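What follows is the content of query.cif, which has mmCIF, C-alpha atoms:
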```cif
data_coords
loop_
_atom_site.label_atom_id
_atom_site.label_comp_id
_atom_site.auth_asym_id
_atom_site.auth_seq_id
_atom_site.Cartn_x
_atom_site.Cartn_y
_atom_site.Cartn_z
CA MET A 1039 -3.86 -16.32 13.43
CA LEU A 1040 -0.69 -14.98 11.84
CA ALA A 1041 0.79 -11.82 13.33
CA LYS A 1042 -0.61 -8.66 11.76
CA ARG A 1043 1.59 -5.97 10.25
CA ILE A 1044 1.51 -2.19 10.71
CA ILE A 1045 2.77 -0.33 7.63
CA PRO A 1046 3.25 3.44 7.33
CA CYS A 1047 2.99 4.78 3.78
CA LEU A 1048 4.96 7.59 2.20
CA ASP A 1049 3.06 9.12 -0.72
CA ILE A 1050 5.72 11.03 -2.65
CA GLN A 1051 5.26 14.09 -4.87
CA ASN A 1052 8.18 16.28 -5.99
CA GLY A 1053 10.46 14.57 -3.49
CA ARG A 1054 8.26 15.29 -0.47
CA THR A 1055 5.80 13.21 1.52
CA VAL A 1056 2.23 14.39 0.91
CA LYS A 1057 -1.25 13.36 1.99
CA GLY A 1058 -4.72 14.28 0.76
CA ILE A 1059 -8.32 13.17 1.08
CA ARG A 1060 -9.80 10.80 -1.51
CA PHE A 1061 -6.66 11.35 -3.64
CA GLU A 1062 -7.16 15.14 -3.75
CA GLY A 1063 -6.08 18.26 -1.82
CA LEU A 1064 -2.53 17.09 -1.14
CA ARG A 1065 -0.60 18.77 1.67
CA ASP A 1066 3.01 18.46 2.75
CA ALA A 1067 3.73 15.85 5.45
CA GLY A 1068 7.50 16.01 5.73
CA ASP A 1069 10.82 14.72 4.46
CA PRO A 1070 10.56 11.08 3.35
CA VAL A 1071 14.02 10.07 4.62
CA ASP A 1072 13.39 11.55 8.06
CA LEU A 1073 9.97 9.93 8.27
CA ALA A 1074 11.30 6.55 7.12
CA GLN A 1075 13.99 6.56 9.79
CA HIS A 1076 11.47 7.61 12.43
CA TYR A 1077 9.06 4.78 11.55
CA ALA A 1078 11.80 2.15 11.53
CA LEU A 1079 12.87 3.25 15.01
CA GLU A 1080 9.25 3.29 16.21
CA GLY A 1081 8.74 -0.35 15.29
CA ALA A 1082 6.93 -0.27 11.95
CA ASP A 1083 6.86 -3.74 10.40
CA GLU A 1084 7.35 -2.50 6.85
CA LEU A 1085 7.38 0.76 4.91
CA VAL A 1086 5.67 1.57 1.61
CA PHE A 1087 6.93 4.34 -0.71
CA LEU A 1088 4.55 5.35 -3.52
CA ASP A 1089 5.64 7.87 -6.15
CA ILE A 1090 2.03 8.91 -6.71
CA THR A 1091 2.48 11.04 -9.84
CA ALA A 1092 5.05 8.95 -11.73
CA THR A 1093 2.49 7.07 -13.81
CA HIS A 1094 0.40 10.16 -14.58
CA GLU A 1095 3.54 12.09 -15.54
CA GLN A 1096 4.82 9.10 -17.55
CA ARG A 1097 8.21 9.06 -15.83
CA ASP A 1098 10.31 6.63 -13.82
CA THR A 1099 10.29 6.35 -10.05
CA LEU A 1100 12.63 8.68 -8.14
CA ILE A 1101 15.57 6.28 -7.85
CA GLN A 1102 17.93 8.49 -5.83
CA LEU A 1103 15.23 9.15 -3.23
CA VAL A 1104 14.50 5.41 -3.03
CA GLN A 1105 18.20 4.81 -2.35
CA GLU A 1106 18.25 7.47 0.37
CA VAL A 1107 15.17 6.03 2.09
CA ALA A 1108 16.49 2.47 1.84
CA SER A 1109 19.76 3.54 3.45
CA VAL A 1110 18.04 4.36 6.76
CA LEU A 1111 15.81 1.26 6.92
CA ASP A 1112 16.25 -2.17 8.47
CA ILE A 1113 12.66 -3.28 7.74
CA PRO A 1114 11.06 -4.54 4.50
CA PHE A 1115 10.67 -1.70 2.00
CA THR A 1116 8.07 -1.62 -0.79
CA VAL A 1117 8.31 0.84 -3.68
CA GLY A 1118 5.64 1.70 -6.25
CA GLY A 1119 4.85 4.29 -8.89
CA GLY A 1120 5.94 4.45 -12.51
CA ILE A 1121 6.87 0.76 -12.81
CA ARG A 1122 6.16 -0.37 -16.36
CA GLN A 1123 8.47 -3.31 -17.11
CA VAL A 1124 10.52 -6.03 -15.45
CA SER A 1125 13.70 -3.98 -15.81
CA ASP A 1126 12.12 -1.38 -13.50
CA PHE A 1127 11.79 -4.07 -10.83
CA LYS A 1128 15.48 -4.88 -11.18
CA THR A 1129 16.48 -1.21 -10.92
CA LEU A 1130 14.43 -0.60 -7.78
CA LEU A 1131 15.53 -3.81 -6.08
CA ARG A 1132 19.14 -2.80 -6.69
CA ALA A 1133 18.29 0.62 -5.22
CA GLY A 1134 17.25 -1.02 -1.96
CA ALA A 1135 13.61 -2.03 -2.32
CA ASP A 1136 12.54 -5.46 -1.04
CA LYS A 1137 9.17 -5.55 -2.81
CA ILE A 1138 7.72 -3.73 -5.79
CA SER A 1139 4.13 -2.49 -6.06
CA VAL A 1140 2.55 -2.34 -9.51
CA ASN A 1141 -0.82 -0.84 -10.34
CA SER A 1142 -1.74 0.70 -13.70
CA ALA A 1143 0.92 -1.08 -15.76
CA ALA A 1144 -0.12 -4.45 -14.34
CA PHE A 1145 -3.78 -3.77 -15.07
CA ASN A 1146 -2.99 -2.76 -18.63
CA ARG A 1147 -0.70 -5.76 -19.16
CA PRO A 1148 -1.29 -8.50 -16.54
CA ALA A 1149 1.59 -10.58 -17.93
CA LEU A 1150 3.92 -8.07 -16.24
CA ILE A 1151 2.99 -9.67 -12.91
CA ARG A 1152 3.89 -13.14 -14.15
CA GLU A 1153 7.15 -11.96 -15.72
CA ALA A 1154 8.21 -10.23 -12.50
CA ALA A 1155 7.15 -13.15 -10.32
CA ASP A 1156 9.12 -15.56 -12.51
CA ALA A 1157 12.17 -13.31 -12.35
CA PHE A 1158 12.16 -12.32 -8.68
CA GLY A 1159 9.57 -14.48 -6.89
CA SER A 1160 5.93 -13.80 -6.04
CA GLN A 1161 6.90 -12.54 -2.58
CA CYS A 1162 8.49 -9.54 -4.32
CA VAL A 1163 5.42 -8.60 -6.40
CA ILE A 1164 2.59 -6.59 -4.83
CA THR A 1165 -0.40 -5.62 -6.94
CA ALA A 1166 -1.86 -2.33 -5.74
CA ILE A 1167 -5.53 -1.76 -6.46
CA ASP A 1168 -7.47 1.48 -6.00
CA ALA A 1169 -11.23 0.98 -6.00
CA LYS A 1170 -14.39 3.01 -5.46
CA TRP A 1171 -17.97 1.97 -4.66
CA THR A 1172 -20.36 2.70 -7.56
CA GLY A 1173 -23.57 1.92 -5.71
CA GLU A 1174 -23.61 -1.64 -7.02
CA ARG A 1175 -19.99 -2.84 -6.92
CA TRP A 1176 -16.40 -1.78 -6.31
CA GLU A 1177 -14.80 -0.50 -9.51
CA VAL A 1178 -11.05 -0.41 -10.17
CA TYR A 1179 -9.39 2.93 -10.97
CA LEU A 1180 -5.98 3.66 -12.51
CA ASN A 1181 -3.48 6.54 -12.75
CA GLY A 1182 -3.77 7.65 -9.15
CA GLY A 1183 -7.55 7.40 -9.15
CA ARG A 1184 -7.98 9.47 -12.31
CA GLN A 1185 -9.19 6.76 -14.70
CA ALA A 1186 -12.20 4.50 -14.23
CA THR A 1187 -11.76 1.06 -15.78
CA GLY A 1188 -15.26 -0.43 -15.58
CA ARG A 1189 -13.70 -3.56 -14.06
CA GLU A 1190 -14.99 -5.11 -10.86
CA LEU A 1191 -12.56 -5.29 -7.94
CA TYR A 1192 -12.59 -9.01 -7.14
CA ASP A 1193 -12.43 -9.95 -10.81
CA TRP A 1194 -9.19 -8.02 -11.27
CA ALA A 1195 -7.71 -9.01 -7.90
CA SER A 1196 -8.22 -12.71 -8.56
CA GLU A 1197 -6.61 -12.39 -12.00
CA ALA A 1198 -3.63 -10.59 -10.48
CA VAL A 1199 -3.15 -13.43 -8.00
CA SER A 1200 -3.45 -16.01 -10.76
CA GLN A 1201 -0.65 -14.18 -12.59
CA GLY A 1202 1.61 -14.46 -9.55
CA ALA A 1203 0.98 -11.48 -7.27
CA GLY A 1204 2.21 -12.32 -3.78
CA GLU A 1205 0.13 -9.68 -2.00
CA ILE A 1206 -2.66 -7.23 -2.73
CA LEU A 1207 -2.43 -3.64 -1.53
CA LEU A 1208 -6.06 -2.54 -1.50
CA THR A 1209 -6.96 1.15 -1.19
CA SER A 1210 -10.50 2.38 -0.72
CA MET A 1211 -10.76 5.64 -2.64
CA ASP A 1212 -13.95 6.46 -0.75
CA ALA A 1213 -12.23 6.16 2.63
CA ASP A 1214 -8.77 7.49 1.72
CA GLY A 1215 -7.70 10.31 4.03
CA THR A 1216 -11.12 10.63 5.67
CA ARG A 1217 -10.10 8.98 8.97
CA ASP A 1218 -13.58 7.46 9.10
CA GLY A 1219 -12.26 3.89 9.22
CA PHE A 1220 -11.13 1.29 6.72
CA ASP A 1221 -13.67 -0.10 4.25
CA ILE A 1222 -14.45 -3.32 6.07
CA SER A 1223 -16.70 -4.87 3.42
CA MET A 1224 -14.31 -4.20 0.56
CA THR A 1225 -11.32 -5.54 2.46
CA ARG A 1226 -13.16 -8.64 3.66
CA LEU A 1227 -14.24 -9.45 0.09
CA LEU A 1228 -10.60 -9.97 -0.87
CA SER A 1229 -9.10 -11.23 2.40
CA GLN A 1230 -11.63 -14.05 2.72
CA ASN A 1231 -11.53 -15.11 -0.91
CA LEU A 1232 -7.91 -14.75 -2.04
CA PRO A 1233 -5.03 -17.09 -1.10
CA VAL A 1234 -2.53 -14.24 -0.60
CA PRO A 1235 -2.16 -11.55 2.09
CA VAL A 1236 -4.29 -8.41 1.76
CA ILE A 1237 -2.99 -5.04 2.96
CA ALA A 1238 -5.86 -2.68 3.84
CA SER A 1239 -5.39 0.99 3.03
CA GLY A 1240 -7.52 4.10 3.27
CA GLY A 1241 -9.45 5.57 6.19
CA ALA A 1242 -7.42 4.89 9.34
CA GLY A 1243 -8.34 7.42 12.00
CA SER A 1244 -8.21 5.64 15.33
CA ILE A 1245 -6.81 2.60 17.08
CA ALA A 1246 -10.30 1.07 16.89
CA ASP A 1247 -10.14 1.30 13.10
CA PHE A 1248 -7.02 -0.87 13.05
CA ALA A 1249 -8.62 -3.38 15.42
CA ASP A 1250 -11.71 -3.57 13.20
CA VAL A 1251 -9.80 -4.12 9.96
CA PHE A 1252 -7.91 -7.01 11.57
CA THR A 1253 -10.81 -8.67 13.40
CA LEU A 1254 -13.78 -7.89 11.16
CA ALA A 1255 -12.18 -7.60 7.72
CA LYS A 1256 -9.45 -10.21 8.39
CA ALA A 1257 -6.78 -8.04 6.77
CA ASP A 1258 -3.23 -9.33 7.05
CA ALA A 1259 -1.75 -5.83 7.32
CA ALA A 1260 -2.97 -2.27 7.75
CA LEU A 1261 -1.39 0.66 5.96
CA ALA A 1262 -1.84 4.26 7.06
CA ALA A 1263 -0.32 7.66 6.44
CA SER A 1264 -1.79 10.82 7.94
CA VAL A 1265 -2.45 9.50 11.46
CA PHE A 1266 1.22 8.55 11.66
CA HIS A 1267 2.68 11.54 9.77
CA PHE A 1268 0.89 14.12 11.92
CA GLY A 1269 1.53 12.33 15.20
CA GLU A 1270 -2.04 11.43 16.08
CA ILE A 1271 -1.19 7.77 16.64
CA THR A 1272 2.26 6.43 17.42
CA ILE A 1273 3.19 2.92 16.34
CA PRO A 1274 4.22 1.72 19.84
CA THR A 1275 0.92 2.95 21.32
CA LEU A 1276 -1.03 1.30 18.51
CA LYS A 1277 0.75 -2.03 18.86
CA ASN A 1278 0.32 -2.10 22.64
CA ALA A 1279 -3.38 -1.35 22.32
CA LEU A 1280 -3.90 -4.10 19.74
CA ARG A 1281 -2.00 -6.63 21.84
CA ALA A 1282 -4.25 -5.72 24.78
CA GLN A 1283 -7.18 -6.80 22.59
CA SER A 1284 -5.46 -10.14 21.92
CA ILE A 1285 -4.74 -9.23 18.31
CA PRO A 1286 -1.39 -10.82 17.35
CA ILE A 1287 1.01 -8.09 16.28
CA ARG A 1288 4.64 -8.40 15.19
#
```
Could you render the structure from this file as structure tokens?
Amino acid sequence: MLAKRIIPCLDIQNGRTVKGIRFEGLRDAGDPVDLAQHYALEGADELVFLDITATHEQRDTLIQLVQEVASVLDIPFTVGGGIRQVSDFKTLLRAGADKISVNSAAFNRPALIREAADAFGSQCVITAIDAKWTGERWEVYLNGGRQATGRELYDWASEAVSQGAGEILLTSMDADGTRDGFDISMTRLLSQNLPVPVIASGGAGSIADFADVFTLAKADAALAASVFHFGEITIPTLKNALRAQSIPIR
């Protein structure tokens, strides 16, 4: 089994880190540069920065803030939000990102994934997918969870991989911010059927939740925000607990 990754996530709005529940009720969680530096020192394996209103507001990602965050990191850094074309990848990579996460723009024009993968390599291209259970299937949503697409999760995820996505960042909208645990069934659907790593996101509330998403859902990485931002779980404590359960951790 490959070593699993622990990834804090900075959801950015108006230059601040925020966190809500099921994509709503956002509250301030701190300065993104300070948090980034803290997580790098704590032993995070990677960091994800998502400008969560860029697409909805039809603007570019906050480049200066990306540069400031990148300047304090020595771990892989993923940036997403507001990316619409290959030139945006180039701009963010020059600003210090190592990987770029695309969501709505990739869904609306899947060729963007292929163009970016051809230009920078699949390892640089992460397709982020937000999905919600309808009672019969998981449906993909766009624009920060505001727009239902009618498209089934696995159908879109497999197309994204065929276009060249190197990883899938999968967020359960039902679990997001609830701290009730990751969506095991949703994550397992992708992790056991796709040939690329799957990052599970949404619902982390305890160390047991991380253990479950790695052992039961077979996720390659687990992303979390509020439990880290508000000090409920520290990364060293989490990693030591997972190692004690014989889960390989970086």
Explicit residues for the PyMOL selection byres ((chain A and resi 1167) around 7) (as a list in words): Asn1141, Thr1165, Ala1166, Asp1168, Ala1169, Val1178, Leu1207, Leu1208 and Thr1209 of chain A
For atom CA of A:Val1234 and atom CA of A:Asp1221, the interatomic separation in Å (one decimal): 18.6 Å
From A:Thr1129, A:Ala1149, A:Lys1137, A:Gly1240, residue lying nearest A:Lys1170 [all atoms listed in the file]: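 Of the candidates, the smallest distance to A:Lys1170 is held by A:Gly1240.
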Starting from the displayed file, determine the output of the PyMOL selection byres ((chain A and resi 1191) around 9) and express the residue list as a compact mmCIF listing (two decimals) with C-alpha atoms, keeping the file's coordinate frame.
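Written out: out05.txt:
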```txt
# COMPACT_ATOMS: atom_id res chain seq x y z
CA ILE A 1167 -5.53 -1.76 -6.46
CA ASP A 1168 -7.47 1.48 -6.00
CA ALA A 1169 -11.23 0.98 -6.00
CA LYS A 1170 -14.39 3.01 -5.46
CA ARG A 1175 -19.99 -2.84 -6.92
CA TRP A 1176 -16.40 -1.78 -6.31
CA GLU A 1177 -14.80 -0.50 -9.51
CA VAL A 1178 -11.05 -0.41 -10.17
CA ARG A 1189 -13.70 -3.56 -14.06
CA GLU A 1190 -14.99 -5.11 -10.86
CA TYR A 1192 -12.59 -9.01 -7.14
CA ASP A 1193 -12.43 -9.95 -10.81
CA TRP A 1194 -9.19 -8.02 -11.27
CA ALA A 1195 -7.71 -9.01 -7.90
CA SER A 1196 -8.22 -12.71 -8.56
CA MET A 1224 -14.31 -4.20 0.56
CA LEU A 1228 -10.60 -9.97 -0.87
```
Pick from A:Asp1258, A:Glu1197, A:Asp1218, A:Glu1080 nearest to A:Ile1113, counting all atoms listed in the file: A:Glu1080
Nearest to A:Met1211, chosen from A:Ala1186, A:Ala1155, A:Ala1135, A:Leu1227, with all atoms listed in the file counted in the distances: A:Ala1186
Within 8 Å of A:Gly1118 using only C-alpha atoms, minus same-chain residues under 6 positions, as a list in words: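 What passes the distance filter is Val1086, Phe1087, Leu1088, Asp1089, Thr1099, Ile1138, Ser1139 and Val1140 of chain A.
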Answer key for the PyMOL selection byres ((chain A and resi 1205) around 9), residues as a count of residues only: 16
Could N, CA and C atoms be built for stretch 1130-1151 of chain A and written out as a PDB file, in the frame of the given file?
```
ATOM      1  N   LEU A1130      14.874  -0.994  -9.116  1.00  0.00           N
ATOM      2  CA  LEU A1130      14.430  -0.600  -7.780  1.00  0.00           C
ATOM      3  C   LEU A1130      14.921  -1.576  -6.714  1.00  0.00           C
ATOM      4  N   LEU A1131      14.983  -2.843  -7.028  1.00  0.00           N
ATOM      5  CA  LEU A1131      15.530  -3.810  -6.080  1.00  0.00           C
ATOM      6  C   LEU A1131      17.005  -3.523  -5.821  1.00  0.00           C
ATOM      7  N   ARG A1132      17.724  -3.171  -6.862  1.00  0.00           N
ATOM      8  CA  ARG A1132      19.140  -2.800  -6.690  1.00  0.00           C
ATOM      9  C   ARG A1132      19.286  -1.518  -5.883  1.00  0.00           C
ATOM     10  N   ALA A1133      18.260  -0.654  -5.956  1.00  0.00           N
ATOM     11  CA  ALA A1133      18.290   0.620  -5.220  1.00  0.00           C
ATOM     12  C   ALA A1133      17.956   0.440  -3.747  1.00  0.00           C
ATOM     13  N   GLY A1134      17.512  -0.758  -3.366  1.00  0.00           N
ATOM     14  CA  GLY A1134      17.250  -1.020  -1.960  1.00  0.00           C
ATOM     15  C   GLY A1134      15.845  -1.472  -1.613  1.00  0.00           C
ATOM     16  N   ALA A1135      14.956  -1.539  -2.596  1.00  0.00           N
ATOM     17  CA  ALA A1135      13.610  -2.030  -2.320  1.00  0.00           C
ATOM     18  C   ALA A1135      13.633  -3.541  -2.085  1.00  0.00           C
ATOM     19  N   ASP A1136      12.702  -4.022  -1.265  1.00  0.00           N
ATOM     20  CA  ASP A1136      12.540  -5.460  -1.040  1.00  0.00           C
ATOM     21  C   ASP A1136      11.359  -6.020  -1.826  1.00  0.00           C
ATOM     22  N   LYS A1137      10.356  -5.164  -2.043  1.00  0.00           N
ATOM     23  CA  LYS A1137       9.170  -5.550  -2.810  1.00  0.00           C
ATOM     24  C   LYS A1137       8.822  -4.391  -3.737  1.00  0.00           C
ATOM     25  N   ILE A1138       8.127  -4.737  -4.817  1.00  0.00           N
ATOM     26  CA  ILE A1138       7.720  -3.730  -5.790  1.00  0.00           C
ATOM     27  C   ILE A1138       6.200  -3.784  -5.940  1.00  0.00           C
ATOM     28  N   SER A1139       5.582  -2.608  -5.897  1.00  0.00           N
ATOM     29  CA  SER A1139       4.130  -2.490  -6.060  1.00  0.00           C
ATOM     30  C   SER A1139       3.818  -1.995  -7.462  1.00  0.00           C
ATOM     31  N   VAL A1140       2.974  -2.738  -8.157  1.00  0.00           N
ATOM     32  CA  VAL A1140       2.550  -2.340  -9.510  1.00  0.00           C
ATOM     33  C   VAL A1140       1.042  -2.146  -9.529  1.00  0.00           C
ATOM     34  N   ASN A1141       0.605  -1.156 -10.286  1.00  0.00           N
ATOM     35  CA  ASN A1141      -0.820  -0.840 -10.340  1.00  0.00           C
ATOM     36  C   ASN A1141      -1.282  -0.722 -11.787  1.00  0.00           C
ATOM     37  N   SER A1142      -1.196   0.473 -12.350  1.00  0.00           N
ATOM     38  CA  SER A1142      -1.740   0.700 -13.700  1.00  0.00           C
ATOM     39  C   SER A1142      -1.101  -0.168 -14.760  1.00  0.00           C
ATOM     40  N   ALA A1143       0.228  -0.295 -14.724  1.00  0.00           N
ATOM     41  CA  ALA A1143       0.920  -1.080 -15.760  1.00  0.00           C
ATOM     42  C   ALA A1143       0.510  -2.538 -15.694  1.00  0.00           C
ATOM     43  N   ALA A1144       0.295  -3.054 -14.489  1.00  0.00           N
ATOM     44  CA  ALA A1144      -0.120  -4.450 -14.340  1.00  0.00           C
ATOM     45  C   ALA A1144      -1.545  -4.644 -14.844  1.00  0.00           C
ATOM     46  N   PHE A1145      -2.394  -3.682 -14.574  1.00  0.00           N
ATOM     47  CA  PHE A1145      -3.780  -3.770 -15.070  1.00  0.00           C
ATOM     48  C   PHE A1145      -3.790  -3.769 -16.596  1.00  0.00           C
ATOM     49  N   ASN A1146      -3.004  -2.883 -17.171  1.00  0.00           N
ATOM     50  CA  ASN A1146      -2.990  -2.760 -18.630  1.00  0.00           C
ATOM     51  C   ASN A1146      -2.308  -3.935 -19.317  1.00  0.00           C
ATOM     52  N   ARG A1147      -1.373  -4.588 -18.595  1.00  0.00           N
ATOM     53  CA  ARG A1147      -0.700  -5.760 -19.160  1.00  0.00           C
ATOM     54  C   ARG A1147      -0.431  -6.750 -18.024  1.00  0.00           C
ATOM     55  N   PRO A1148      -1.421  -7.590 -17.683  1.00  0.00           N
ATOM     56  CA  PRO A1148      -1.290  -8.500 -16.540  1.00  0.00           C
ATOM     57  C   PRO A1148      -0.079  -9.426 -16.607  1.00  0.00           C
ATOM     58  N   ALA A1149       0.418  -9.707 -17.800  1.00  0.00           N
ATOM     59  CA  ALA A1149       1.590 -10.580 -17.930  1.00  0.00           C
ATOM     60  C   ALA A1149       2.806 -10.001 -17.223  1.00  0.00           C
ATOM     61  N   LEU A1150       2.813  -8.684 -16.975  1.00  0.00           N
ATOM     62  CA  LEU A1150       3.920  -8.070 -16.240  1.00  0.00           C
ATOM     63  C   LEU A1150       4.074  -8.713 -14.865  1.00  0.00           C
ATOM     64  N   ILE A1151       2.953  -9.038 -14.238  1.00  0.00           N
ATOM     65  CA  ILE A1151       2.990  -9.670 -12.910  1.00  0.00           C
ATOM     66  C   ILE A1151       3.684 -11.022 -13.011  1.00  0.00           C
TER      67      ILE A1151
END
```
